[in-house]
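**Student:** Sharing structure13.cif here; it has mmCIF, C-alpha atoms and all ligand atoms.
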```cif
data_work
#
loop_
_atom_site.group_PDB
_atom_site.id
_atom_site.type_symbol
_atom_site.label_atom_id
_atom_site.label_comp_id
_atom_site.auth_asym_id
_atom_site.auth_seq_id
_atom_site.Cartn_x
_atom_site.Cartn_y
_atom_site.Cartn_z
ATOM 1 C CA MET I 215 121.814 -92.202 -25.824
ATOM 2 C CA ASN I 216 118.446 -90.541 -26.354
ATOM 3 C CA GLU I 217 115.048 -90.577 -24.655
ATOM 4 C CA THR I 218 113.728 -93.385 -26.880
ATOM 5 C CA TYR I 219 116.611 -95.583 -25.723
ATOM 6 C CA PHE I 220 115.694 -94.962 -22.080
ATOM 7 C CA CYS I 221 111.991 -95.645 -22.771
ATOM 8 C CA ILE I 222 112.874 -98.978 -24.414
ATOM 9 C CA CYS I 223 115.092 -99.896 -21.428
ATOM 10 C CA ARG I 224 112.307 -99.014 -18.983
ATOM 11 C CA LEU I 225 109.806 -101.101 -20.969
ATOM 12 C CA LYS I 226 112.246 -104.037 -21.039
ATOM 13 C CA LEU I 227 112.667 -103.736 -17.287
ATOM 14 C CA GLN I 228 108.899 -103.743 -16.760
ATOM 15 C CA ILE I 229 108.428 -106.766 -19.032
ATOM 16 C CA ASN I 230 111.237 -108.689 -17.309
ATOM 17 C CA LYS I 231 109.610 -108.084 -13.934
ATOM 18 C CA MET I 232 106.131 -108.959 -15.144
ATOM 19 C CA ASN I 233 104.102 -111.389 -13.159
ATOM 20 C CA ILE I 234 101.493 -113.287 -15.171
ATOM 21 C CA LEU I 235 98.541 -115.325 -13.997
ATOM 22 C CA ILE I 236 97.329 -118.174 -16.221
ATOM 23 C CA LEU I 237 93.799 -119.321 -15.486
ATOM 24 C CA VAL I 238 92.848 -122.708 -16.887
ATOM 25 C CA THR I 239 89.215 -123.384 -17.794
ATOM 26 C CA GLY I 240 89.523 -126.395 -20.142
ATOM 27 C CA GLY I 241 88.634 -126.606 -23.823
ATOM 28 C CA THR I 242 90.258 -128.761 -26.474
ATOM 29 C CA PHE I 243 93.603 -127.198 -25.465
ATOM 30 C CA ASP I 244 93.722 -129.511 -22.433
ATOM 31 C CA LYS I 245 91.752 -132.512 -23.664
ATOM 32 C CA GLU I 246 93.254 -136.017 -23.669
ATOM 33 C CA TYR I 247 92.344 -138.968 -25.880
ATOM 34 C CA ASN I 248 91.123 -142.270 -24.472
ATOM 35 C CA GLU I 249 92.452 -144.877 -26.916
ATOM 36 C CA LEU I 250 90.024 -147.519 -25.688
ATOM 37 C CA SER I 251 86.771 -145.578 -25.811
ATOM 38 C CA GLY I 252 87.902 -143.183 -28.533
ATOM 39 C CA GLU I 253 86.636 -140.273 -26.456
ATOM 40 C CA LEU I 254 88.240 -137.035 -25.412
ATOM 41 C CA PHE I 255 88.410 -136.288 -21.703
ATOM 42 C CA PHE I 256 89.982 -133.941 -19.162
ATOM 43 C CA LYS I 257 92.699 -134.873 -16.674
ATOM 44 C CA ASP I 258 95.313 -132.274 -15.706
ATOM 45 C CA THR I 259 96.269 -129.113 -17.494
ATOM 46 C CA HIS I 260 99.352 -129.174 -19.735
ATOM 47 C CA VAL I 261 100.173 -125.509 -19.203
ATOM 48 C CA SER I 262 103.237 -126.095 -16.965
ATOM 49 C CA GLU I 263 104.643 -128.647 -19.428
ATOM 50 C CA MET I 264 104.079 -126.227 -22.303
ATOM 51 C CA LEU I 265 105.805 -123.371 -20.482
ATOM 52 C CA LYS I 266 108.776 -125.645 -19.827
ATOM 53 C CA LEU I 267 108.848 -126.761 -23.461
ATOM 54 C CA GLY I 268 108.772 -123.113 -24.518
ATOM 55 C CA ARG I 269 111.702 -122.390 -22.138
ATOM 56 C CA ASN I 270 109.655 -119.710 -20.451
ATOM 57 C CA LEU I 271 111.505 -117.392 -18.088
ATOM 58 C CA VAL I 272 108.605 -115.138 -17.088
ATOM 59 C CA THR I 273 107.226 -115.459 -13.549
ATOM 60 C CA ILE I 274 103.911 -117.292 -13.895
ATOM 61 C CA GLU I 275 101.298 -118.489 -11.465
ATOM 62 C CA THR I 276 98.893 -121.068 -12.893
ATOM 63 C CA HIS I 277 95.504 -121.844 -11.429
ATOM 64 C CA THR I 278 92.945 -124.351 -12.718
ATOM 65 C CA LEU I 279 89.499 -122.847 -12.232
ATOM 66 C CA MET I 280 87.578 -125.551 -14.085
ATOM 67 C CA MET I 281 88.124 -128.174 -16.780
ATOM 68 C CA ILE I 282 85.102 -127.995 -19.034
ATOM 69 C CA ASP I 283 84.150 -127.885 -22.674
ATOM 70 C CA SER I 284 83.258 -124.262 -23.293
ATOM 71 C CA LEU I 285 79.905 -125.326 -24.770
ATOM 72 C CA ASN I 286 78.976 -126.148 -21.168
ATOM 73 C CA MET I 287 80.133 -122.805 -19.803
ATOM 74 C CA THR I 288 77.380 -120.799 -18.135
ATOM 75 C CA ASP I 289 77.317 -117.219 -16.912
ATOM 76 C CA GLU I 290 77.915 -118.608 -13.415
ATOM 77 C CA HIS I 291 81.206 -120.083 -14.621
ATOM 78 C CA ARG I 292 82.008 -116.783 -16.304
ATOM 79 C CA LYS I 293 81.280 -114.859 -13.090
ATOM 80 C CA LEU I 294 83.726 -117.150 -11.301
ATOM 81 C CA VAL I 295 86.397 -116.367 -13.904
ATOM 82 C CA SER I 296 85.650 -112.659 -13.725
ATOM 83 C CA ASP I 297 85.766 -112.575 -9.896
ATOM 84 C CA TYR I 298 89.045 -114.481 -9.896
ATOM 85 C CA CYS I 299 90.551 -111.990 -12.338
ATOM 86 C CA ARG I 300 89.297 -109.044 -10.274
ATOM 87 C CA ASN I 301 90.727 -110.386 -7.002
ATOM 88 C CA ALA I 302 94.033 -111.572 -8.467
ATOM 89 C CA GLU I 303 97.111 -109.545 -7.578
ATOM 90 C CA GLN I 304 98.299 -109.812 -11.202
ATOM 91 C CA ASP I 305 97.283 -107.226 -13.798
ATOM 92 C CA HIS I 306 98.280 -109.487 -16.702
ATOM 93 C CA ILE I 307 96.147 -112.577 -17.095
ATOM 94 C CA ILE I 308 95.920 -115.338 -19.696
ATOM 95 C CA ILE I 309 92.844 -117.565 -19.743
ATOM 96 C CA THR I 310 92.907 -120.903 -21.547
ATOM 97 C CA HIS I 311 89.436 -121.604 -22.871
ATOM 98 C CA GLY I 312 87.493 -123.697 -25.373
ATOM 99 C CA THR I 313 87.176 -121.939 -28.692
ATOM 100 C CA ASP I 314 83.420 -122.394 -29.184
ATOM 101 C CA THR I 315 82.373 -119.776 -26.612
ATOM 102 C CA MET I 316 85.642 -117.914 -26.114
ATOM 103 C CA SER I 317 84.134 -114.760 -27.622
ATOM 104 C CA GLU I 318 81.190 -114.870 -25.174
ATOM 105 C CA THR I 319 83.543 -115.082 -22.180
ATOM 106 C CA ALA I 320 85.673 -112.255 -23.599
ATOM 107 C CA ASP I 321 82.504 -110.104 -23.867
ATOM 108 C CA PHE I 322 81.512 -110.991 -20.308
ATOM 109 C CA LEU I 323 84.935 -109.989 -18.967
ATOM 110 C CA ALA I 324 84.978 -106.777 -20.983
ATOM 111 C CA THR I 325 81.629 -105.799 -19.461
ATOM 112 C CA ALA I 326 83.098 -106.359 -15.982
ATOM 113 C CA LYS I 327 85.620 -103.529 -16.650
ATOM 114 C CA LEU I 328 88.486 -105.105 -14.718
ATOM 115 C CA ASN I 329 91.171 -102.592 -15.721
ATOM 116 C CA LYS I 330 93.674 -105.362 -16.471
ATOM 117 C CA THR I 331 95.196 -106.899 -19.585
ATOM 118 C CA ILE I 332 93.375 -110.174 -20.119
ATOM 119 C CA VAL I 333 94.080 -112.488 -23.062
ATOM 120 C CA LEU I 334 92.017 -115.592 -23.808
ATOM 121 C CA THR I 335 93.488 -118.357 -25.892
ATOM 122 C CA GLY I 336 92.898 -122.021 -26.720
ATOM 123 C CA ALA I 337 93.474 -124.627 -29.383
ATOM 124 C CA MET I 338 91.588 -126.301 -32.196
ATOM 125 C CA VAL I 339 93.516 -129.556 -31.640
ATOM 126 C CA PRO I 340 94.432 -131.017 -28.208
ATOM 127 C CA TYR I 341 98.020 -130.244 -27.142
ATOM 128 C CA LYS I 342 98.541 -133.961 -26.450
ATOM 129 C CA PHE I 343 97.959 -134.821 -30.121
ATOM 130 C CA GLY I 344 101.365 -133.341 -30.987
ATOM 131 C CA SER I 345 100.016 -131.447 -33.997
ATOM 132 C CA SER I 346 98.233 -128.883 -31.871
ATOM 133 C CA ASP I 347 98.146 -125.135 -32.332
ATOM 134 C CA GLY I 348 98.088 -124.848 -28.519
ATOM 135 C CA LEU I 349 101.775 -124.147 -27.926
ATOM 136 C CA PHE I 350 101.817 -121.516 -30.666
ATOM 137 C CA ASN I 351 98.684 -119.877 -29.274
ATOM 138 C CA LEU I 352 99.981 -119.891 -25.705
ATOM 139 C CA GLY I 353 103.229 -118.303 -26.923
ATOM 140 C CA SER I 354 101.259 -115.608 -28.770
ATOM 141 C CA ALA I 355 99.122 -114.978 -25.693
ATOM 142 C CA MET I 356 102.282 -114.629 -23.577
ATOM 143 C CA ALA I 357 103.600 -111.956 -25.925
ATOM 144 C CA PHE I 358 100.274 -110.133 -26.269
ATOM 145 C CA VAL I 359 99.548 -110.048 -22.545
ATOM 146 C CA GLN I 360 102.901 -108.373 -21.908
ATOM 147 C CA THR I 361 102.548 -105.747 -24.590
ATOM 148 C CA LEU I 362 98.873 -104.827 -25.086
ATOM 149 C CA PRO I 363 97.241 -102.064 -23.028
ATOM 150 C CA LYS I 364 94.547 -102.831 -20.474
ATOM 151 C CA GLY I 365 91.567 -104.552 -22.067
ATOM 152 C CA VAL I 366 90.211 -107.967 -22.969
ATOM 153 C CA TYR I 367 91.532 -109.782 -26.026
ATOM 154 C CA ILE I 368 91.504 -113.124 -27.802
ATOM 155 C CA ALA I 369 94.794 -114.486 -29.149
ATOM 156 C CA MET I 370 94.261 -117.105 -31.875
ATOM 157 C CA ASN I 371 95.762 -117.822 -35.304
ATOM 158 C CA GLY I 372 98.745 -115.574 -34.547
ATOM 159 C CA LYS I 373 96.473 -112.541 -34.256
ATOM 160 C CA TYR I 374 94.887 -110.649 -31.396
ATOM 161 C CA PHE I 375 91.276 -109.487 -31.422
ATOM 162 C CA ASN I 376 89.422 -107.031 -29.210
ATOM 163 C CA ALA I 377 86.562 -108.431 -27.108
ATOM 164 C CA GLY I 378 83.259 -107.441 -28.693
ATOM 165 C CA ASN I 379 84.630 -107.583 -32.224
ATOM 166 C CA VAL I 380 85.603 -111.208 -32.646
ATOM 167 C CA ARG I 381 83.965 -114.518 -33.456
ATOM 168 C CA LYS I 382 84.965 -118.046 -34.288
ATOM 169 C CA ASN I 383 84.052 -118.732 -37.881
ATOM 170 C CA LYS I 384 82.450 -122.148 -37.498
ATOM 171 C CA ILE I 385 82.908 -122.940 -41.202
ATOM 172 C CA SER I 386 86.567 -122.044 -41.681
ATOM 173 C CA GLY I 387 87.520 -122.789 -38.048
ATOM 174 C CA VAL I 388 89.461 -119.556 -37.603
ATOM 175 C CA PHE I 389 88.865 -116.443 -35.542
ATOM 176 C CA GLU I 390 87.911 -113.269 -37.341
ATOM 177 C CA GLU I 391 86.805 -109.715 -36.684
ATOM 178 C CA ILE I 392 83.051 -109.092 -36.849
ATOM 179 C CA ASN I 393 83.371 -105.587 -38.343
HETATM 180 N N1 LIG I 401 83.549 -127.503 -27.824
HETATM 181 C C1 LIG I 401 84.931 -127.204 -27.641
HETATM 182 C C2 LIG I 401 85.091 -126.061 -26.655
HETATM 183 O O1 LIG I 401 84.741 -124.963 -26.980
HETATM 184 C C3 LIG I 401 85.473 -126.824 -28.953
HETATM 185 C C4 LIG I 401 86.815 -127.194 -29.110
HETATM 186 C C5 LIG I 401 87.772 -126.163 -28.572
HETATM 187 O O2 LIG I 401 88.073 -126.066 -27.410
HETATM 188 O O3 LIG I 401 88.255 -125.493 -29.425
HETATM 189 O O4 LIG I 401 85.524 -126.253 -25.537
#
```
Would you give me this structure, written as structure tokens?
Ligand code: GLU

**Tutor:**
Amino acid sequence: MNETYFCICRLKLQINKMNILILVTGGTFDKEYNELSGELFFKDTHVSEMLKLGRNLVTIETHTLMMIDSLNMTDEHRKLVSDYCRNAEQDHIIITHGTDTMSETADFLATAKLNKTIVLTGAMVPYKFGSSDGLFNLGSAMAFVQTLPKGVYIAMNGKYFNAGNVRKNKISGVFEEIN
């Protein structure tokens, strides 16, 4: 048994004991479809159901901060998210968020220098539609938040991006690096 083996064991121990906070802010991820009016709307978050479906065994606390379309997110909303992250006991935080202004919120949080690992994620299609990328993205965010160093990231399309160097390509509908 060598030093690498012990390092891997220590890392596994840390990951198994990890405590993650999931902050819900809304976005398509959590939208529902009203069959009568044909409109999308917010009710409750699906995060707990998704974690159960994914057979999650990591200790998670979930808190709904707001349920809004991210196009309506202001800097006041972002300050609320940032303050909640700062005051949370957890150092590993996932934020579910609408994709349209996810990059802006990531920038805002990076500027706040919170010294935590924060991963924003969302979905292009509502989880409730059954063909959503939400479960996949939440799973990716779970893995990234447990393994990336302190910083602010976006997890979408199976990739992670650093805050400040990511945007949603509004033509192709995928996230990409700016530089
Ligand atoms: N306008 C929506 C939002 O950003 C876009 C859909 C989405 O969540 O991806 O909340």

**Student:** Within 6 Å of ligand LIG 401 (chain I), counting only C-alpha atoms and all ligand atoms, which protein or nucleic acid residues do you find, written as a list in words?

**Tutor:** Gly241, Thr242, Phe243, Asp283, Ser284, Leu285, Gly312, Thr313, Asp314, Thr315, Ala337 and Met338 of chain I

**Student:** Taking into account only C-alpha atoms, which residue in the set I:Leu328, I:Leu323, I:Val339, I:Ala369 is nearest to Asn351 (chain I)?

**Tutor:**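 Smallest distance to Asn351 (chain I) is found for I:Ala369.
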
**Student:** Leaving out Ile236 (chain I) and any residue of its chain fewer than 2 positions from it, which residues lie within 7 Å of it when counting all atoms listed in the file, given as a list in words?

**Tutor:**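 These residues fall inside the cut-off: Ile234, Val238, Glu275, Thr276, His277, Ile307, Ile308 and Ile309 of chain I.
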
**Student:** With distances taken over all atoms listed in the file, which residue among I:Val295, I:Ile385, I:Ala357, I:Met280 lies nearest Gly372 (chain I)?

**Tutor:** I:Ala357

**Student:** Just say which residues the PyMOL selection byres (((chain I and resi 293) around 12) and not hetatm) picks in this file, as a ChimeraX atom specification.

**Tutor:** /I:279,287-292,294-300,319-326

**Student:** Can you measure CA of Gly378 (chain I) to CA of Asn393 (chain I) for me? One decimal in Å is fine.

**Tutor:**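 Taking CA of Gly378 (chain I) and CA of Asn393 (chain I), their separation equals 9.8 Å.
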
**Student:** Here is a test: counting all atoms listed in the file, which residue of I:Asn371, I:Gln304, I:Val366, I:Asn379 is nearest to Gly348 (chain I)?

**Tutor:** I:Asn371

**Student:** Could you tell me which of I:His311, I:Lys327, I:Lys245, I:Lys342 comes closest to Met264 (chain I) if we count only C-alpha atoms?

**Tutor:**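 Result for the nearest residue to Met264 (chain I): I:Lys342.
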
**Student:** Between I:Asn286, I:Ser345, I:Thr361, I:Ser317, which has the minimum distance to Glu390 (chain I) (counting only C-alpha atoms)?

**Tutor:**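 Among the listed residues, the smallest separation from Glu390 (chain I) belongs to I:Ser317.
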
**Student:** Hey, can you check how far CA of Pro363 (chain I) sits from CA of Val388 (chain I)?

**Tutor:**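 One can read the CA of Pro363 (chain I) to CA of Val388 (chain I) distance as 24.1 Å.
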
**Student:** Hey, which of I:Tyr367, I:Gln360, I:Lys257, I:Gly353 ends up closest to Val333 (chain I)? Count all atoms listed in the file.

**Tutor:**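 Looking only at the distances to Val333 (chain I), the closest residue turns out to be I:Tyr367.
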
**Student:** In Å to one decimal, how far is CA of Leu254 (chain I) from CA of Tyr374 (chain I)?

**Tutor:**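 Computing it gives 27.9 Å between the two atoms.
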
**Student:** Do you know which residues the PyMOL selection byres (((chain I and resi 281) around 7) and not hetatm) returns on this file, as a ChimeraX atom specification?

**Tutor:** /I:239-240,256,280,282

**Student:** Please, could you write that set of residues out with C-alpha atoms as a PDB file, keeping the file's coordinate frame?

**Tutor:**
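Output (part15.pdb):
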```pdb
ATOM      1  CA  THR I 239      89.215-123.384 -17.794  1.00  0.00           C
ATOM      2  CA  GLY I 240      89.523-126.395 -20.142  1.00  0.00           C
ATOM      3  CA  PHE I 256      89.982-133.941 -19.162  1.00  0.00           C
ATOM      4  CA  MET I 280      87.578-125.551 -14.085  1.00  0.00           C
ATOM      5  CA  ILE I 282      85.102-127.995 -19.034  1.00  0.00           C
TER       6      ILE I 282
END
```

**Student:** Which residues are near Leu267 (chain I)? Cut-off 12 Å, only C-alpha atoms, ignore same chain within fewer than 2 positions. Put them as an MDAnalysis selection string.

**Tutor:** chainID I and resid 260:265 269:271 341 349:350 352:353

**Student:** Any idea what's packed within 7 Å of Glu391 (chain I), counting all atoms listed in the file, ignoring anything in its chain fewer than 3 positions away? Could you give it as an NGL selection string?

**Tutor:** :I and (375 or 379-381)
